[in-house]
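First the structure, in the form of structure tokens, and then the observations on it.
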Protein chains: 2
Amino acid sequence: MCQACHGTDGLSKTPDAPNIAAQTEPYLVTQLQAFKSGARKNDAMSLVVSSLSDKDVEDVAAYFSAIEIKIVKIPGQ
Amino acid sequence: MCQACHGTDGLSKTPDAPNIAAQTEPYLVTQLQAFKSGARKNDAMSLVVSSLSDKDVEDVAAYFSAIEIKIVKIPGQ
């Protein structure tokens, strides 16, 4: 379900969706739980997380956080 | 102000803060505005964004979105 907007590589496929490749695992878990509880609101995410178990949340966070990225260029450097 | 948690390279310096390197510009603007309006809640971010003008929000989003990243490794591939 995640890949339509975030890709299997964790890179955004639509401007409104964030890159989540290599995102920290605690951050991903916290945000997925916040969408589940309604503390953070987004129509697409609210719909998607409603079907995720706590184990699913952990698995999704583990997968995307395990993607490795490298900085290629920083503006002005 | 951003760099204490997110680095000048946009990579998280603390597990609770997300990587924002190469994040899409519309996403960064939307989230900064959501922290400003209170629609999205986080103690550290609420404090930081309170001093940002709309132009600052645009500049910050432009800077971090202009950082280029490359995928190094995807689990299972």
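Letters for chains follow the order of the structure tokens (A, B, ...), residue numbers begin at 1 for each chain, and ligand numbers begin at 1 in the order shown.
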
All residues 12 Å or closer to stretch 22-28 of chain A, only C-alpha atoms, same chain fewer than 5 positions away omitted, as a PyMOL selection string: (chain A and resi 6+8-11+33-35+56-71) or (chain B and resi 6+10-23+69-75)

DSSP helix (DSSP H, G or I) residues within chain B, as an NGL selection string: :B and (3-6 or 25-37 or 43-49 or 54-66)

Strand (DSSP E) per DSSP on the backbone: members of chain B, as a list in words: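 Across chain B, those assigned strand (DSSP E) are Glu68, Ile69, Lys70, Ile71, Val72 and Lys73 of chain B.
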
Nearest residue to chain B from the set A:Gln77, A:Val48, A:Cys2, A:Asp54 (distances using only C-alpha atoms):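 Comparing A:Gln77, A:Val48, A:Cys2, A:Asp54 against chain B, the winner is A:Gln77.
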
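In this structure, atom CA of B:Ser46 sits 9.0 Å away from atom CA of B:Leu32.
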
Among listed residues A:Lys55, A:Gly38, A:Ala44, A:Ser50, nearest chain B (using only C-alpha atoms):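 Using only C-alpha atoms, chain B sits closest to A:Gly38.
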
Shell around A:Arg40 at 8 Å using only C-alpha atoms, local window under 3 positions removed, as a list in words: Gln31, Ala34, Phe35 and Ser37 of chain A; Ala39, Arg40 and Lys41 of chain B
